[in-house]
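A quick write-up on the structure given underneath.
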Amino acid sequence: MSLMKIVRKTFQGLWGLLSGMVLTLGYFLRFDKVITQQYPENRATLKLPPRFRGKLELIKDPDNGLYKCSACGLCVRACPNNSIGIEKVRDPATNKQKLVKYEFHFERCTVCGLCVDACRFDALRMGQDFETGVYDRAELTEILNKDHGQPPAPPLRESQSAVSTQPEHAPAIRATPAQPTVVPAKE
Ligand code: SF4
Ligand code: SF4
């Protein structure tokens with residue numbers, strides 16, 4: 001290596017070091033903008049970046065308080081880890097699919113966000129909950145619409161069937177409660 005090249009490399013290194021130190025010093029002297037989060041003391045006011053991905057959440061329509069989910073199953077098919085299972089029925093009044101149960105397996109989820117991207121109804125989002133540690137793995141399975149968020153489904157008649165949707169390509173995972181059960185039709 002020539003002498004000129006050594007001098008140039010040394011200068012570039014020093015310049016990079018100096019630039020980093022100036023940036024650090026700039027943050028250090030900006031007392032008005034505290035960047036370090038004082039967690040857990042600030043748990044009540046803690047704000048995560050908007051793009052943070054926590055647990056999956058179903059979104060309600062603010063106009064009527066009902067879940068926006070149309071039970072189309074696109075998120076189930078988009079999930080590569082078989083982390084979502086939904087149960088749905090056909091509403092005889094509207095002849096449309098209706099969500100009965102939305103089961104989310106956080107223990108399998110890699111928070112990739114593919115399900116959110118697949119949803120065409122803006123009914124799903126990655127939440128901000130990050131305190132997700134539990135002692136029992138089974139507690140990571142949740143029913144996301146357990147507060148219903150919509151009027152109870154009408155009783156099923158013999159001619160109506162309930163459908164459980166799971167991705168066909170996903171491998172079976174045996175360590176957790178497997179597929180959501182099919183809602184049985186009444187006799
Ligand atoms: S893709 Fe959206 S609307 Fe369809 S089942 Fe999933 S959450 Fe519901
Ligand atoms: S974030 Fe990814 S892994 Fe988790 S449920 Fe959605 S698609 Fe599946």
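Labels for the structure tokens follow display order: chains A, B, ..., residues from 1 in each chain, ligands from 1.
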What do you get as a VMD selection string if you pick all residues at most 7 Å from ligand 2, counting only C-alpha atoms and all ligand atoms? chain A and resid 56 75 78 to 84 104 106 108 to 116
Ligand 1: which residues are within 10 Å, counting only C-alpha atoms and all ligand atoms? Reply as a VMD selection string. chain A and resid 56 to 59 67 to 79 84 to 88 97 to 99 102 115 to 125 165
Residues of segment 4-156 of chain A in strand (DSSP E) according to DSSP, as a PyMOL selection string? chain A and resi 56-58+84-91+96-105+124-126+141-143
Could the residues in this selection be saved with C-alpha atoms as a PDB file, in the first residue's frame?
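out15.pdb written:
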```pdb
ATOM      1  CA  LEU A  56     -51.867  -9.069  16.599  1.00  0.00           C
ATOM      2  CA  GLU A  57     -55.094  -7.120  17.223  1.00  0.00           C
ATOM      3  CA  LEU A  58     -58.466  -6.994  15.544  1.00  0.00           C
ATOM      4  CA  ILE A  84     -54.188 -17.846  12.874  1.00  0.00           C
ATOM      5  CA  GLY A  85     -57.377 -19.864  12.821  1.00  0.00           C
ATOM      6  CA  ILE A  86     -60.843 -18.479  12.262  1.00  0.00           C
ATOM      7  CA  GLU A  87     -64.320 -19.894  12.542  1.00  0.00           C
ATOM      8  CA  LYS A  88     -67.143 -18.386  10.578  1.00  0.00           C
ATOM      9  CA  VAL A  89     -70.788 -18.918   9.740  1.00  0.00           C
ATOM     10  CA  ARG A  90     -72.972 -17.664   6.942  1.00  0.00           C
ATOM     11  CA  ASP A  91     -75.490 -15.138   8.176  1.00  0.00           C
ATOM     12  CA  LYS A  96     -72.549 -13.079   4.158  1.00  0.00           C
ATOM     13  CA  GLN A  97     -69.793 -14.774   6.108  1.00  0.00           C
ATOM     14  CA  LYS A  98     -69.651 -13.775   9.736  1.00  0.00           C
ATOM     15  CA  LEU A  99     -66.770 -14.156  12.181  1.00  0.00           C
ATOM     16  CA  VAL A 100     -67.415 -16.480  15.110  1.00  0.00           C
ATOM     17  CA  LYS A 101     -63.946 -16.934  16.538  1.00  0.00           C
ATOM     18  CA  TYR A 102     -60.525 -15.475  15.708  1.00  0.00           C
ATOM     19  CA  GLU A 103     -57.790 -17.562  17.282  1.00  0.00           C
ATOM     20  CA  PHE A 104     -54.230 -16.247  17.391  1.00  0.00           C
ATOM     21  CA  HIS A 105     -51.213 -18.364  18.354  1.00  0.00           C
ATOM     22  CA  LEU A 124     -55.998  -6.230  11.577  1.00  0.00           C
ATOM     23  CA  ARG A 125     -52.920  -4.547  13.015  1.00  0.00           C
ATOM     24  CA  MET A 126     -49.769  -5.345  14.921  1.00  0.00           C
ATOM     25  CA  THR A 141     -53.005 -18.600  22.444  1.00  0.00           C
ATOM     26  CA  GLU A 142     -55.703 -15.930  22.458  1.00  0.00           C
ATOM     27  CA  ILE A 143     -59.173 -15.393  21.082  1.00  0.00           C
TER      28      ILE A 143
END
```
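Pairwise distance (atom CA of Gln128 of chain A, atom CA of Arg51 of chain A) equals 8.9 Å.
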Residues near segment 42-45 of chain A, cut-off 12 Å, only C-alpha atoms, skip fewer than 3 positions along chain, as an mmCIF file with N, CA, C and O atoms, in the first residue's frame:
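Listed below is the output, out17.cif:
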```
data_model
loop_
_atom_site.group_PDB
_atom_site.id
_atom_site.type_symbol
_atom_site.label_atom_id
_atom_site.label_comp_id
_atom_site.auth_asym_id
_atom_site.auth_seq_id
_atom_site.Cartn_x
_atom_site.Cartn_y
_atom_site.Cartn_z
ATOM 1 N N THR A 36 -33.672 8.494 25.790
ATOM 2 C CA THR A 36 -33.670 7.257 26.572
ATOM 3 C C THR A 36 -34.985 7.092 27.319
ATOM 4 O O THR A 36 -35.436 8.004 28.002
ATOM 5 N N GLN A 37 -35.623 5.921 27.153
ATOM 6 C CA GLN A 37 -36.873 5.633 27.851
ATOM 7 C C GLN A 37 -36.563 5.123 29.250
ATOM 8 O O GLN A 37 -35.739 4.232 29.423
ATOM 9 N N GLN A 38 -37.214 5.729 30.255
ATOM 10 C CA GLN A 38 -36.987 5.325 31.635
ATOM 11 C C GLN A 38 -37.958 4.212 32.013
ATOM 12 O O GLN A 38 -38.805 4.364 32.888
ATOM 13 N N TYR A 39 -37.842 3.089 31.323
ATOM 14 C CA TYR A 39 -38.725 1.952 31.577
ATOM 15 C C TYR A 39 -38.164 1.121 32.728
ATOM 16 O O TYR A 39 -36.944 0.932 32.787
ATOM 17 N N LEU A 48 -44.169 3.761 22.063
ATOM 18 C CA LEU A 48 -43.315 2.999 21.162
ATOM 19 C C LEU A 48 -43.408 3.596 19.763
ATOM 20 O O LEU A 48 -44.390 4.269 19.440
ATOM 21 N N ASP A 129 -48.372 -3.935 22.324
ATOM 22 C CA ASP A 129 -48.103 -4.667 23.557
ATOM 23 C C ASP A 129 -46.781 -5.440 23.414
ATOM 24 O O ASP A 129 -46.642 -6.293 22.543
ATOM 25 N N PHE A 130 -45.824 -5.122 24.260
ATOM 26 C CA PHE A 130 -44.528 -5.808 24.170
ATOM 27 C C PHE A 130 -44.217 -6.609 25.431
ATOM 28 O O PHE A 130 -43.260 -7.369 25.461
ATOM 29 N N GLU A 131 -45.033 -6.440 26.472
ATOM 30 C CA GLU A 131 -44.788 -7.207 27.700
ATOM 31 C C GLU A 131 -45.531 -8.528 27.587
ATOM 32 O O GLU A 131 -46.600 -8.718 28.172
#
```
Apply DSSP to the backbone of this structure and, from segment 69-98 of chain A, keep only the residues in alpha helix (DSSP H); write these as number ranges by chain. A: 74-78
Could you write those residues out with N, CA and C atoms, as a PDB file, in the first residue's frame?
```pdb
ATOM      1  N   LEU A  74     -58.161 -14.340   4.381  1.00  0.00           N
ATOM      2  CA  LEU A  74     -56.922 -13.982   3.670  1.00  0.00           C
ATOM      3  C   LEU A  74     -55.718 -13.982   4.608  1.00  0.00           C
ATOM      4  N   CYS A  75     -55.924 -13.522   5.825  1.00  0.00           N
ATOM      5  CA  CYS A  75     -54.811 -13.492   6.781  1.00  0.00           C
ATOM      6  C   CYS A  75     -54.376 -14.916   7.142  1.00  0.00           C
ATOM      7  N   VAL A  76     -55.331 -15.813   7.222  1.00  0.00           N
ATOM      8  CA  VAL A  76     -55.004 -17.209   7.539  1.00  0.00           C
ATOM      9  C   VAL A  76     -54.127 -17.799   6.442  1.00  0.00           C
ATOM     10  N   ARG A  77     -54.498 -17.518   5.208  1.00  0.00           N
ATOM     11  CA  ARG A  77     -53.721 -18.047   4.086  1.00  0.00           C
ATOM     12  C   ARG A  77     -52.363 -17.358   3.976  1.00  0.00           C
ATOM     13  N   ALA A  78     -52.282 -16.091   4.388  1.00  0.00           N
ATOM     14  CA  ALA A  78     -51.014 -15.355   4.264  1.00  0.00           C
ATOM     15  C   ALA A  78     -50.004 -15.762   5.324  1.00  0.00           C
TER      16      ALA A  78
END
```
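The closest residue to Leu144 of chain A, picked from A:Lys55, A:Thr132, A:Met21, A:Gly65 and counting only C-alpha atoms, is A:Lys55.
Separating atom CA of Glu139 of chain A from atom CA of Pro40 of chain A is a distance of 22.9 Å.
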Report the distance between atom CA of Gly20 of chain A and atom CA of Ile35 of chain A in Å, rounded to one decimal place. 16.9 Å
